[in-house]
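Enquirer: This is my_file.cif, which holds mmCIF, C-alpha atoms:
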data_structure
loop_
_atom_site.group_PDB
_atom_site.id
_atom_site.type_symbol
_atom_site.label_atom_id
_atom_site.label_comp_id
_atom_site.auth_asym_id
_atom_site.auth_seq_id
_atom_site.Cartn_x
_atom_site.Cartn_y
_atom_site.Cartn_z
ATOM 1 C CA MET A 1 39.162 89.770 69.270
ATOM 2 C CA GLN A 2 37.375 88.548 66.135
ATOM 3 C CA ASN A 3 35.182 91.660 66.086
ATOM 4 C CA ILE A 4 38.287 93.842 66.110
ATOM 5 C CA ILE A 5 39.842 91.934 63.243
ATOM 6 C CA CYS A 6 36.551 92.027 61.331
ATOM 7 C CA GLU A 7 36.571 95.829 61.608
ATOM 8 C CA VAL A 8 40.182 96.028 60.511
ATOM 9 C CA LEU A 9 39.732 93.759 57.527
ATOM 10 C CA PHE A 10 37.008 95.807 55.864
ATOM 11 C CA LEU A 11 38.836 96.009 52.585
ATOM 12 C CA VAL A 12 39.149 95.385 48.960
ATOM 13 C CA LEU A 13 42.118 93.198 48.199
ATOM 14 C CA CYS A 14 44.184 95.743 46.357
ATOM 15 C CA ILE A 15 43.860 98.574 48.862
ATOM 16 C CA GLY A 16 45.957 99.993 51.589
ATOM 17 C CA PHE A 17 44.179 100.052 54.927
ATOM 18 C CA PHE A 18 42.866 102.838 57.170
ATOM 19 C CA VAL A 19 45.399 105.346 58.459
ATOM 20 C CA HIS A 20 44.392 108.366 60.493
ATOM 21 C CA GLY A 21 43.082 109.053 63.970
ATOM 22 C CA ARG A 22 44.024 110.251 67.397
ATOM 23 C CA GLU A 23 47.515 111.215 68.444
ATOM 24 C CA ILE A 24 49.550 108.479 70.082
ATOM 25 C CA GLY A 25 52.603 108.903 72.295
ATOM 26 C CA THR A 26 54.598 111.916 73.298
ATOM 27 C CA LYS A 27 56.220 114.253 70.864
ATOM 28 C CA HIS A 28 59.816 114.312 72.093
ATOM 29 C CA GLN A 29 62.152 111.368 72.292
ATOM 30 C CA ASP A 30 65.902 111.262 71.993
ATOM 31 C CA ILE A 31 66.978 108.731 69.402
ATOM 32 C CA ASP A 32 70.534 108.868 68.177
ATOM 33 C CA GLU A 33 70.493 107.193 64.777
ATOM 34 C CA LEU A 34 68.279 105.864 62.041
ATOM 35 C CA VAL A 35 67.747 102.096 61.956
ATOM 36 C CA ILE A 36 66.330 100.519 58.788
ATOM 37 C CA GLU A 37 65.472 96.840 59.218
ATOM 38 C CA PRO A 38 63.845 94.342 56.827
ATOM 39 C CA ILE A 39 61.414 92.526 59.122
ATOM 40 C CA VAL A 40 59.541 90.058 56.907
ATOM 41 C CA GLY A 41 59.607 88.938 53.262
ATOM 42 C CA ARG A 42 59.954 88.374 50.400
ATOM 43 C CA PHE A 43 56.580 89.247 48.871
ATOM 44 C CA ASP A 44 55.671 89.844 45.254
ATOM 45 C CA HIS A 45 54.106 93.252 45.827
ATOM 46 C CA SER A 46 53.505 94.117 49.478
ATOM 47 C CA GLU A 47 51.216 97.111 49.961
ATOM 48 C CA GLY A 48 48.727 98.803 52.273
ATOM 49 C CA PRO A 49 50.473 98.555 55.674
ATOM 50 C CA HIS A 50 48.100 99.026 58.599
ATOM 51 C CA TRP A 51 49.070 99.008 62.274
ATOM 52 C CA ASP A 52 46.292 97.642 64.493
ATOM 53 C CA TYR A 53 46.916 99.274 67.859
ATOM 54 C CA HIS A 54 44.351 97.006 69.553
ATOM 55 C CA THR A 55 46.391 93.874 68.874
ATOM 56 C CA GLN A 56 49.780 95.523 68.239
ATOM 57 C CA LYS A 57 50.072 93.686 64.917
ATOM 58 C CA LEU A 58 50.965 94.831 61.421
ATOM 59 C CA TYR A 59 48.591 94.046 58.560
ATOM 60 C CA PHE A 60 49.372 94.412 54.854
ATOM 61 C CA VAL A 61 48.467 92.870 51.508
ATOM 62 C CA ASP A 62 50.449 91.145 48.781
ATOM 63 C CA ILE A 63 48.564 92.278 45.702
ATOM 64 C CA GLU A 64 50.166 89.923 43.179
ATOM 65 C CA ALA A 65 49.701 86.859 45.420
ATOM 66 C CA GLN A 66 46.172 88.022 46.394
ATOM 67 C CA LYS A 67 46.883 87.673 50.099
ATOM 68 C CA ILE A 68 46.124 89.533 53.308
ATOM 69 C CA CYS A 69 48.903 89.109 55.870
ATOM 70 C CA ARG A 70 49.393 89.761 59.578
ATOM 71 C CA PHE A 71 52.820 90.023 61.174
ATOM 72 C CA ASP A 72 53.498 89.833 64.907
ATOM 73 C CA LEU A 73 56.613 91.863 65.662
ATOM 74 C CA ALA A 74 57.036 90.247 69.076
ATOM 75 C CA THR A 75 56.910 86.616 67.958
ATOM 76 C CA LYS A 76 57.910 87.132 64.292
ATOM 77 C CA ASN A 77 54.905 85.036 63.348
ATOM 78 C CA LEU A 78 53.439 85.639 59.889
ATOM 79 C CA SER A 79 49.991 84.439 58.883
ATOM 80 C CA CYS A 80 48.306 85.063 55.530
ATOM 81 C CA ILE A 81 45.035 84.233 53.832
ATOM 82 C CA PHE A 82 44.338 83.973 50.121
ATOM 83 C CA ILE A 83 41.493 86.011 48.638
ATOM 84 C CA ALA A 84 40.299 84.948 45.198
ATOM 85 C CA GLY A 85 40.285 88.443 43.745
ATOM 86 C CA SER A 86 38.138 91.467 44.443
ATOM 87 C CA GLY A 87 38.630 93.707 41.422
ATOM 88 C CA THR A 88 36.146 96.535 41.913
ATOM 89 C CA ASP A 89 34.227 94.818 44.729
ATOM 90 C CA PHE A 90 34.285 96.375 48.193
ATOM 91 C CA ILE A 91 34.357 93.347 50.469
ATOM 92 C CA ARG A 92 34.386 92.373 54.118
ATOM 93 C CA VAL A 93 36.740 89.606 55.215
ATOM 94 C CA THR A 94 36.196 87.886 58.563
ATOM 95 C CA TRP A 95 39.495 86.494 59.843
ATOM 96 C CA ASP A 96 40.854 85.880 63.322
ATOM 97 C CA GLY A 97 44.370 86.702 62.151
ATOM 98 C CA HIS A 98 45.869 83.490 63.499
ATOM 99 C CA LYS A 99 45.161 80.771 60.962
ATOM 100 C CA ASN A 100 45.884 80.698 57.252
ATOM 101 C CA PHE A 101 42.229 80.335 56.316
ATOM 102 C CA THR A 102 38.849 81.949 56.969
ATOM 103 C CA LYS A 103 35.645 80.261 58.106
ATOM 104 C CA SER A 104 33.467 82.099 55.597
ATOM 105 C CA ALA A 105 33.744 83.597 52.125
ATOM 106 C CA PRO A 106 34.268 87.361 51.722
ATOM 107 C CA GLU A 107 31.068 89.405 51.667
ATOM 108 C CA THR A 108 30.601 91.889 48.813
ATOM 109 C CA LEU A 109 29.191 95.164 50.148
ATOM 110 C CA ALA A 110 29.476 97.454 47.123
ATOM 111 C CA ILE A 111 30.792 97.543 43.571
ATOM 112 C CA VAL A 112 32.395 100.538 41.836
ATOM 113 C CA ASP A 113 33.399 101.433 38.266
ATOM 114 C CA THR A 114 30.423 99.479 36.961
ATOM 115 C CA ASN A 115 30.588 101.380 33.663
ATOM 116 C CA ARG A 116 34.274 100.638 33.030
ATOM 117 C CA ASN A 117 36.308 97.558 32.171
ATOM 118 C CA ASN A 118 39.530 96.260 33.711
ATOM 119 C CA THR A 119 39.883 98.836 36.467
ATOM 120 C CA ARG A 120 40.522 97.683 40.041
ATOM 121 C CA TRP A 121 40.791 99.063 43.552
ATOM 122 C CA ASN A 122 44.230 100.400 44.392
ATOM 123 C CA ASP A 123 44.354 102.258 47.723
ATOM 124 C CA GLY A 124 41.985 103.391 50.438
ATOM 125 C CA LYS A 125 41.584 104.617 54.023
ATOM 126 C CA VAL A 126 38.880 105.567 56.490
ATOM 127 C CA ASP A 127 38.154 109.086 57.718
ATOM 128 C CA SER A 128 37.356 110.252 61.255
ATOM 129 C CA SER A 129 33.625 109.616 60.778
ATOM 130 C CA GLY A 130 34.151 106.019 59.685
ATOM 131 C CA ARG A 131 33.657 106.522 55.948
ATOM 132 C CA PHE A 132 35.845 104.627 53.499
ATOM 133 C CA TRP A 133 37.701 106.634 50.844
ATOM 134 C CA GLY A 134 39.252 104.568 48.093
ATOM 135 C CA GLY A 135 40.213 104.830 44.479
ATOM 136 C CA THR A 136 40.733 102.667 41.440
ATOM 137 C CA ILE A 137 43.480 102.324 38.860
ATOM 138 C CA GLY A 138 42.926 102.206 35.124
ATOM 139 C CA PRO A 139 43.655 99.193 32.905
ATOM 140 C CA GLU A 140 47.327 98.367 32.434
ATOM 141 C CA VAL A 141 48.565 97.828 28.879
ATOM 142 C CA ASN A 142 52.208 96.761 28.548
ATOM 143 C CA ASP A 143 52.820 97.976 32.116
ATOM 144 C CA VAL A 144 51.415 101.412 31.282
ATOM 145 C CA VAL A 145 48.200 102.542 32.973
ATOM 146 C CA VAL A 146 45.567 103.827 30.560
ATOM 147 C CA PRO A 147 44.943 107.451 31.630
ATOM 148 C CA ASN A 148 41.709 108.918 32.956
ATOM 149 C CA GLN A 149 39.824 105.653 33.452
ATOM 150 C CA ALA A 150 39.668 105.571 37.265
ATOM 151 C CA SER A 151 37.968 107.436 40.136
ATOM 152 C CA LEU A 152 38.127 108.197 43.845
ATOM 153 C CA TYR A 153 35.076 107.046 45.819
ATOM 154 C CA ARG A 154 33.562 107.570 49.253
ATOM 155 C CA ILE A 155 31.548 104.746 50.839
ATOM 156 C CA ASP A 156 29.567 105.121 54.059
ATOM 157 C CA SER A 157 27.445 102.719 56.106
ATOM 158 C CA HIS A 158 24.759 102.609 53.391
ATOM 159 C CA PHE A 159 27.304 101.054 50.991
ATOM 160 C CA LYS A 160 26.357 103.366 48.142
ATOM 161 C CA PRO A 161 29.604 104.572 46.524
ATOM 162 C CA LYS A 162 29.821 108.302 45.868
ATOM 163 C CA LYS A 163 32.273 109.425 43.209
ATOM 164 C CA GLU A 164 34.459 112.207 44.658
ATOM 165 C CA LEU A 165 37.112 112.721 41.960
ATOM 166 C CA SER A 166 36.910 111.601 38.346
ATOM 167 C CA PRO A 167 38.604 110.954 36.084
ATOM 168 C CA VAL A 168 41.936 109.992 37.607
ATOM 169 C CA THR A 169 44.541 107.542 36.348
ATOM 170 C CA ASN A 170 46.066 105.777 39.348
ATOM 171 C CA SER A 171 44.330 106.675 42.609
ATOM 172 C CA ASN A 172 46.871 106.181 45.356
ATOM 173 C CA GLY A 173 47.987 107.633 48.728
ATOM 174 C CA LEU A 174 45.524 109.390 51.066
ATOM 175 C CA ALA A 175 45.900 111.143 54.424
ATOM 176 C CA TRP A 176 44.109 113.564 56.749
ATOM 177 C CA ASN A 177 45.838 115.959 59.117
ATOM 178 C CA ILE A 178 45.298 115.739 62.880
ATOM 179 C CA GLN A 179 43.133 118.882 62.817
ATOM 180 C CA ASP A 180 40.854 116.995 60.418
ATOM 181 C CA ASP A 181 40.421 119.966 58.114
ATOM 182 C CA THR A 182 42.708 118.917 55.236
ATOM 183 C CA PHE A 183 42.647 115.877 52.953
ATOM 184 C CA TYR A 184 45.752 114.883 50.969
ATOM 185 C CA TYR A 185 45.567 112.770 47.829
ATOM 186 C CA ILE A 186 47.861 111.296 45.161
ATOM 187 C CA ASP A 187 47.041 110.476 41.551
ATOM 188 C CA THR A 188 50.394 108.840 40.818
ATOM 189 C CA PRO A 189 51.174 109.958 37.219
ATOM 190 C CA THR A 190 50.831 113.625 38.203
ATOM 191 C CA ARG A 191 53.819 113.168 40.577
ATOM 192 C CA GLN A 192 52.005 115.555 42.897
ATOM 193 C CA VAL A 193 50.270 115.522 46.265
ATOM 194 C CA ALA A 194 47.013 117.471 46.108
ATOM 195 C CA ALA A 195 45.437 119.068 49.181
ATOM 196 C CA PHE A 196 41.738 119.757 49.721
ATOM 197 C CA ASP A 197 39.784 121.516 52.427
ATOM 198 C CA PHE A 198 37.964 118.795 54.366
ATOM 199 C CA GLU A 199 34.660 119.143 56.184
ATOM 200 C CA PRO A 200 34.583 116.083 58.482
ATOM 201 C CA ILE A 201 30.888 115.999 59.444
ATOM 202 C CA ASN A 202 29.603 115.467 55.911
ATOM 203 C CA GLY A 203 32.863 114.379 54.317
ATOM 204 C CA ILE A 204 33.034 117.203 51.793
ATOM 205 C CA ILE A 205 36.272 118.077 49.984
ATOM 206 C CA SER A 206 36.866 121.381 48.172
ATOM 207 C CA ASN A 207 39.449 123.978 47.172
ATOM 208 C CA LYS A 208 42.022 121.753 45.484
ATOM 209 C CA ARG A 209 45.636 122.964 45.460
ATOM 210 C CA ILE A 210 49.067 121.341 45.083
ATOM 211 C CA ALA A 211 50.804 120.651 48.399
ATOM 212 C CA PHE A 212 53.889 118.974 46.952
ATOM 213 C CA ASP A 213 55.251 118.583 43.432
ATOM 214 C CA LEU A 214 57.911 115.906 42.979
ATOM 215 C CA GLN A 215 58.687 117.321 39.529
ATOM 216 C CA LYS A 216 60.171 120.397 41.199
ATOM 217 C CA THR A 217 62.791 118.280 42.986
ATOM 218 C CA ASN A 218 65.703 116.144 41.818
ATOM 219 C CA ILE A 219 64.158 113.064 43.447
ATOM 220 C CA SER A 220 63.201 110.194 41.160
ATOM 221 C CA GLY A 221 60.303 107.764 41.340
ATOM 222 C CA LEU A 222 56.518 107.912 41.383
ATOM 223 C CA PRO A 223 54.501 108.856 44.484
ATOM 224 C CA ASP A 224 52.649 105.796 45.752
ATOM 225 C CA GLY A 225 51.229 105.202 49.244
ATOM 226 C CA MET A 226 51.367 107.957 51.867
ATOM 227 C CA THR A 227 50.982 108.646 55.575
ATOM 228 C CA ILE A 228 51.146 111.673 57.869
ATOM 229 C CA ASP A 229 52.724 112.411 61.252
ATOM 230 C CA THR A 230 51.443 114.407 64.212
ATOM 231 C CA ASP A 231 53.424 117.452 63.054
ATOM 232 C CA GLY A 232 51.354 117.488 59.880
ATOM 233 C CA ASN A 233 54.190 116.437 57.579
ATOM 234 C CA LEU A 234 53.688 113.825 54.870
ATOM 235 C CA TRP A 235 55.655 110.642 54.201
ATOM 236 C CA VAL A 236 55.386 109.490 50.585
ATOM 237 C CA ALA A 237 56.623 106.136 49.277
ATOM 238 C CA LEU A 238 58.379 106.466 45.926
ATOM 239 C CA TYR A 239 57.900 103.567 43.541
ATOM 240 C CA GLY A 240 61.066 103.309 41.502
ATOM 241 C CA GLY A 241 62.630 105.982 43.687
ATOM 242 C CA GLY A 242 64.227 103.795 46.327
ATOM 243 C CA GLY A 243 62.869 105.422 49.445
ATOM 244 C CA VAL A 244 60.349 107.534 51.319
ATOM 245 C CA VAL A 245 60.294 111.317 51.020
ATOM 246 C CA ASN A 246 59.214 113.415 54.020
ATOM 247 C CA VAL A 247 57.669 116.730 52.980
ATOM 248 C CA ASN A 248 56.113 119.804 54.539
ATOM 249 C CA PRO A 249 52.781 120.211 52.709
ATOM 250 C CA HIS A 250 52.468 123.849 53.779
ATOM 251 C CA THR A 251 55.703 124.928 52.103
ATOM 252 C CA GLY A 252 56.051 122.150 49.538
ATOM 253 C CA LYS A 253 59.626 121.587 50.667
ATOM 254 C CA VAL A 254 61.433 118.287 51.240
ATOM 255 C CA ILE A 255 62.375 117.746 54.882
ATOM 256 C CA ARG A 256 64.359 114.550 54.362
ATOM 257 C CA PHE A 257 64.658 111.456 52.218
ATOM 258 C CA VAL A 258 64.832 108.006 53.800
ATOM 259 C CA LYS A 259 66.775 105.773 51.389
ATOM 260 C CA LEU A 260 66.014 102.046 51.406
ATOM 261 C CA PRO A 261 68.115 99.203 49.921
ATOM 262 C CA VAL A 262 65.378 98.507 47.324
ATOM 263 C CA THR A 263 64.009 100.418 44.351
ATOM 264 C CA LYS A 264 60.277 99.707 44.352
ATOM 265 C CA VAL A 265 58.827 101.274 47.508
ATOM 266 C CA THR A 266 55.043 101.020 47.659
ATOM 267 C CA SER A 267 53.587 102.447 50.891
ATOM 268 C CA CYS A 268 54.206 103.334 54.531
ATOM 269 C CA THR A 269 52.494 103.814 57.882
ATOM 270 C CA PHE A 270 53.465 104.548 61.463
ATOM 271 C CA GLY A 271 53.061 101.918 64.158
ATOM 272 C CA GLY A 272 54.588 100.305 67.198
ATOM 273 C CA PRO A 273 53.567 100.899 70.838
ATOM 274 C CA LEU A 274 54.331 104.631 70.567
ATOM 275 C CA PHE A 275 53.584 104.983 66.842
ATOM 276 C CA ASN A 276 57.178 106.080 66.217
ATOM 277 C CA THR A 277 58.204 103.266 63.847
ATOM 278 C CA LEU A 278 57.638 103.773 60.127
ATOM 279 C CA PHE A 279 56.650 100.507 58.446
ATOM 280 C CA VAL A 280 57.406 100.495 54.725
ATOM 281 C CA THR A 281 56.199 97.977 52.125
ATOM 282 C CA THR A 282 58.109 97.202 48.925
ATOM 283 C CA SER A 283 57.817 95.194 45.731
ATOM 284 C CA SER A 284 59.829 92.560 43.887
ATOM 285 C CA ARG A 285 57.407 92.471 40.964
ATOM 286 C CA ASP A 286 58.975 92.118 37.491
ATOM 287 C CA LEU A 287 62.538 92.110 38.817
ATOM 288 C CA THR A 288 64.999 89.833 37.001
ATOM 289 C CA GLU A 289 67.144 87.269 38.786
ATOM 290 C CA LYS A 290 70.077 89.646 38.421
ATOM 291 C CA GLU A 291 68.096 92.524 39.904
ATOM 292 C CA LEU A 292 66.895 90.348 42.784
ATOM 293 C CA ALA A 293 70.486 89.375 43.503
ATOM 294 C CA GLU A 294 71.391 93.078 43.597
ATOM 295 C CA GLU A 295 68.377 93.852 45.809
ATOM 296 C CA PRO A 296 68.038 90.832 48.122
ATOM 297 C CA PHE A 297 65.451 92.632 50.271
ATOM 298 C CA ALA A 298 63.171 93.666 47.412
ATOM 299 C CA GLY A 299 59.594 92.783 48.360
ATOM 300 C CA TYR A 300 60.312 92.915 52.091
ATOM 301 C CA VAL A 301 58.485 94.964 54.698
ATOM 302 C CA PHE A 302 60.840 97.336 56.518
ATOM 303 C CA ALA A 303 60.771 98.983 59.937
ATOM 304 C CA VAL A 304 62.403 102.407 60.157
ATOM 305 C CA LYS A 305 63.268 103.617 63.659
ATOM 306 C CA GLY A 306 64.917 106.781 64.903
ATOM 307 C CA LEU A 307 62.883 109.328 62.936
ATOM 308 C CA ASN A 308 61.846 111.150 66.125
ATOM 309 C CA VAL A 309 58.295 111.713 64.895
ATOM 310 C CA TYR A 310 54.966 110.061 65.702
ATOM 311 C CA GLY A 311 52.091 108.823 63.622
ATOM 312 C CA LEU A 312 48.320 108.598 64.030
ATOM 313 C CA ALA A 313 46.179 105.631 64.983
ATOM 314 C CA ALA A 314 43.775 104.111 62.484
ATOM 315 C CA ASN A 315 40.056 104.670 62.191
ATOM 316 C CA SER A 316 37.599 101.813 61.708
ATOM 317 C CA PHE A 317 34.863 101.631 59.108
ATOM 318 C CA LYS A 318 31.433 102.204 60.644
ATOM 319 C CA ASP A 319 28.616 100.131 59.198
#
Since I need it in another form, could you write the structure as structure tokens?
Expert:
Amino acid sequence: MQNIICEVLFLVLCIGFFVHGREIGTKHQDIDELVIEPIVGRFDHSEGPHWDYHTQKLYFVDIEAQKICRFDLATKNLSCIFIAGSGTDFIRVTWDGHKNFTKSAPETLAIVDTNRNNTRWNDGKVDSSGRFWGGTIGPEVNDVVVPNQASLYRIDSHFKPKKELSPVTNSNGLAWNIQDDTFYYIDTPTRQVAAFDFEPINGIISNKRIAFDLQKTNISGLPDGMTIDTDGNLWVALYGGGGVVNVNPHTGKVIRFVKLPVTKVTSCTFGGPLFNTLFVTTSSRDLTEKELAEEPFAGYVFAVKGLNVYGLAANSFKD
């Protein structure tokens, strides 16, 4: 069990985990209505949801509190460990997932943005060949991110970061389609989802185009974390937009909008035994007492059921 958790917790503190992989479950299921349930909280800024299908547990991070958390849906047990910062370090955390402490300190495997100050990791996932793709966010001044100070990196088993896209401002959601020939990527301030041709053997991206442009809709918010379903449609969390938008990246059209009872939606992933539950993380960061009273579930992790779609299992980093 510890080896499984060690694979899963290959992370930098401020990243979302590894979403992509083989198809799980059947495609058709009759579900009558949408159920949106807050399952655990409150957290300062929950992010990076990852469903571990080996253990059937949900992992996520609380960036502001510098914690990695594991939630057992069956027992409702929550366990978290504190990590004393990672910044631009790519680290391995060894944790059995049961106790609120680790037996050893995190191991630094690589460092990025060595020529820049005050950037940090923000989101990342692993591709089908076991390579980590993750990006940084620029320095924040008065809650505004300094533009063009960050990058998207690829890290393989040699732990030598390769810069894939630079400069970017706020490297965020990533996803690969089930055919493994397209890579989707969000640089948040653009309010767009970019698509690239993806060559999975060598991990090469090319031919950038815009798959979805939030500016061409009447939907508010900033695109944050992202996942994909087995039909090839994207699910994008909207920070400040109060929900998750489901889009067809081939047409650029909105399929549906899942409204949540909170404003700051950070990320999402599919999980559950059949991978047909959408887990959504949210934030309570910088909300006033009045705003928290109006949004009592701000900062909670939600489970959305009844979408009648299925997600993809996660890949593990290969070292």
Enquirer: Near A:Arg70, counting only C-alpha atoms, which residues have an atom at most 9 Å away, once you skip same-chain residues fewer than 4 positions from it, shown as a compact mmCIF listing (two decimals) with C-alpha atoms, in the coordinates of the input?
Expert:
# COMPACT_ATOMS: atom_id res chain seq x y z
CA LYS A 57 50.07 93.69 64.92
CA LEU A 58 50.96 94.83 61.42
CA TYR A 59 48.59 94.05 58.56
CA PHE A 60 49.37 94.41 54.85
CA VAL A 61 48.47 92.87 51.51
CA ASN A 77 54.90 85.04 63.35
CA LEU A 78 53.44 85.64 59.89
CA SER A 79 49.99 84.44 58.88
CA CYS A 80 48.31 85.06 55.53
CA GLY A 97 44.37 86.70 62.15
CA HIS A 98 45.87 83.49 63.50
Enquirer: Which residues come within 12 Å of stretch 304-308 of chain A, counting only C-alpha atoms, excluding same-chain residues fewer than 2 positions away, as an NGL selection string?
Expert: :A and (25-39 or 229-231 or 235 or 243-244 or 246 or 255-260 or 268-272 or 274-281 or 301-302 or 310-311)
Enquirer: Write out, as an mmCIF file, keeping the file's coordinate frame, the residues just selected, with C-alpha atoms.
Expert:
data_model
loop_
_atom_site.group_PDB
_atom_site.id
_atom_site.type_symbol
_atom_site.label_atom_id
_atom_site.label_comp_id
_atom_site.auth_asym_id
_atom_site.auth_seq_id
_atom_site.Cartn_x
_atom_site.Cartn_y
_atom_site.Cartn_z
ATOM 1 C CA GLY A 25 52.603 108.903 72.295
ATOM 2 C CA THR A 26 54.598 111.916 73.298
ATOM 3 C CA LYS A 27 56.220 114.253 70.864
ATOM 4 C CA HIS A 28 59.816 114.312 72.093
ATOM 5 C CA GLN A 29 62.152 111.368 72.292
ATOM 6 C CA ASP A 30 65.902 111.262 71.993
ATOM 7 C CA ILE A 31 66.978 108.731 69.402
ATOM 8 C CA ASP A 32 70.534 108.868 68.177
ATOM 9 C CA GLU A 33 70.493 107.193 64.777
ATOM 10 C CA LEU A 34 68.279 105.864 62.041
ATOM 11 C CA VAL A 35 67.747 102.096 61.956
ATOM 12 C CA ILE A 36 66.330 100.519 58.788
ATOM 13 C CA GLU A 37 65.472 96.840 59.218
ATOM 14 C CA PRO A 38 63.845 94.342 56.827
ATOM 15 C CA ILE A 39 61.414 92.526 59.122
ATOM 16 C CA ASP A 229 52.724 112.411 61.252
ATOM 17 C CA THR A 230 51.443 114.407 64.212
ATOM 18 C CA ASP A 231 53.424 117.452 63.054
ATOM 19 C CA TRP A 235 55.655 110.642 54.201
ATOM 20 C CA GLY A 243 62.869 105.422 49.445
ATOM 21 C CA VAL A 244 60.349 107.534 51.319
ATOM 22 C CA ASN A 246 59.214 113.415 54.020
ATOM 23 C CA ILE A 255 62.375 117.746 54.882
ATOM 24 C CA ARG A 256 64.359 114.550 54.362
ATOM 25 C CA PHE A 257 64.658 111.456 52.218
ATOM 26 C CA VAL A 258 64.832 108.006 53.800
ATOM 27 C CA LYS A 259 66.775 105.773 51.389
ATOM 28 C CA LEU A 260 66.014 102.046 51.406
ATOM 29 C CA CYS A 268 54.206 103.334 54.531
ATOM 30 C CA THR A 269 52.494 103.814 57.882
ATOM 31 C CA PHE A 270 53.465 104.548 61.463
ATOM 32 C CA GLY A 271 53.061 101.918 64.158
ATOM 33 C CA GLY A 272 54.588 100.305 67.198
ATOM 34 C CA LEU A 274 54.331 104.631 70.567
ATOM 35 C CA PHE A 275 53.584 104.983 66.842
ATOM 36 C CA ASN A 276 57.178 106.080 66.217
ATOM 37 C CA THR A 277 58.204 103.266 63.847
ATOM 38 C CA LEU A 278 57.638 103.773 60.127
ATOM 39 C CA PHE A 279 56.650 100.507 58.446
ATOM 40 C CA VAL A 280 57.406 100.495 54.725
ATOM 41 C CA THR A 281 56.199 97.977 52.125
ATOM 42 C CA VAL A 301 58.485 94.964 54.698
ATOM 43 C CA PHE A 302 60.840 97.336 56.518
ATOM 44 C CA TYR A 310 54.966 110.061 65.702
ATOM 45 C CA GLY A 311 52.091 108.823 63.622
#
Enquirer: Find the residues near A:Phe90: any atom within 6 Å, counting only C-alpha atoms, skip ones fewer than 5 places away on the same chain, and give them as a VMD selection string.
Expert: chain A and resid 12 108 to 111
Enquirer: Have a look at A:Val112, A:Ile155, A:Val247, A:Ala175 and name the one nearest to A:Phe196; count only C-alpha atoms.
Expert: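 When distances to A:Phe196 are compared using only C-alpha atoms, the smallest one comes from A:Ala175.
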Enquirer: Return the single residue from A:Pro223, A:Asp319, A:Thr75, A:Thr217 that is closest to A:Lys160, with distances computed using all atoms listed in the file.
Expert: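 Nearest to A:Lys160: A:Asp319.
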Enquirer: May I ask which of the residues A:Pro261, A:Gly225, A:Gly203, A:Gly232 is the closest one to A:Asp127, counting all atoms listed in the file?
Expert: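 With all atoms listed in the file as the atom set, the closest residue is A:Gly203.
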Enquirer: Name all residues at most 12 Å from A:Gly221 (count only C-alpha atoms; drop same-chain ones fewer than 6 positions away) and give them as a ChimeraX atom specification.
Expert: /A:188-192,214-215,236-245,263-266
Enquirer: Which of these residues is nearest to A:Ala150, using all atoms listed in the file: A:Val193, A:Val168, A:Val309, A:Val40?
Expert: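 Checking each of A:Val193, A:Val168, A:Val309, A:Val40 against A:Ala150, counting all atoms listed in the file, the winner is A:Val168.
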Enquirer: Within 8 Å of A:Thr182, counting only C-alpha atoms, which residues show up once you throw out same-chain ones fewer than 2 positions away? Write them as a short mmCIF file (atom, residue, chain, number, x, y, z; two decimals) with C-alpha atoms, keeping the file's coordinate frame, please.
Expert:
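As a result, result-v5.cif now contains:
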data_model
loop_
_atom_site.label_atom_id
_atom_site.label_comp_id
_atom_site.auth_asym_id
_atom_site.auth_seq_id
_atom_site.Cartn_x
_atom_site.Cartn_y
_atom_site.Cartn_z
CA TRP A 176 44.11 113.56 56.75
CA ASN A 177 45.84 115.96 59.12
CA GLN A 179 43.13 118.88 62.82
CA ASP A 180 40.85 117.00 60.42
CA TYR A 184 45.75 114.88 50.97
CA ALA A 195 45.44 119.07 49.18
CA PHE A 196 41.74 119.76 49.72
CA ASP A 197 39.78 121.52 52.43
CA PHE A 198 37.96 118.80 54.37
#
Enquirer: Could you tell me which of A:Ala74, A:Val93, A:Ser171, A:Gly135 comes closest to A:Gln56 if we count all atoms listed in the file?
Expert: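 For A:Gln56, the nearest of the candidates is A:Ala74.
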Enquirer: Within 10 Å of (35.6, 112.4, 38.4) in the file's own coordinates, which protein, DNA or RNA residues have an atom, counting all atoms listed in the file? List them as number ranges by chain.
Expert: A: 148-153, 163-168
Enquirer: Of the candidates A:Pro296, A:Pro106, A:Gly48, A:Pro139, which shows the shortest atom-to-atom distance to A:Asn118, using only C-alpha atoms?
Expert: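 Of A:Pro296, A:Pro106, A:Gly48, A:Pro139, the one nearest A:Asn118, counting only C-alpha atoms, is A:Pro139.
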Enquirer: Work out how far apart atom CA of A:His250 and atom CA of A:Leu174 are and give it in Å to one decimal.
Expert: 16.3 Å
Enquirer: Which value, in Å to one decimal, gives the distance between atom CA of A:Phe71 and atom CA of A:Ser157?
Expert: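 These atoms are spaced 28.8 Å apart.
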Enquirer: Quick one: which residues end up in the PyMOL selection byres ((chain A and resi 128) around 12) for this structure, as a ChimeraX atom specification?
Expert: /A:18-22,125-127,129-133,156,175-183,198-203,312-318
Enquirer: Would you work out the distance separating atom CA of A:Gly299 from atom CA of A:Tyr53, expressed in Å to one decimal?
Expert: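 Interatomic distance here is 24.1 Å.
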Enquirer: Would you compute, for all listed atoms of stretch 282-291 of chain A, the axis-aligned bounding box grown by 8 Å on each side, and then report its centre and edge lengths in Å rounded to one decimal, as JSON?
Expert:
{"center_x": 63.7, "center_y": 92.2, "center_z": 43.0, "size_x": 28.7, "size_y": 25.9, "size_z": 27.9}
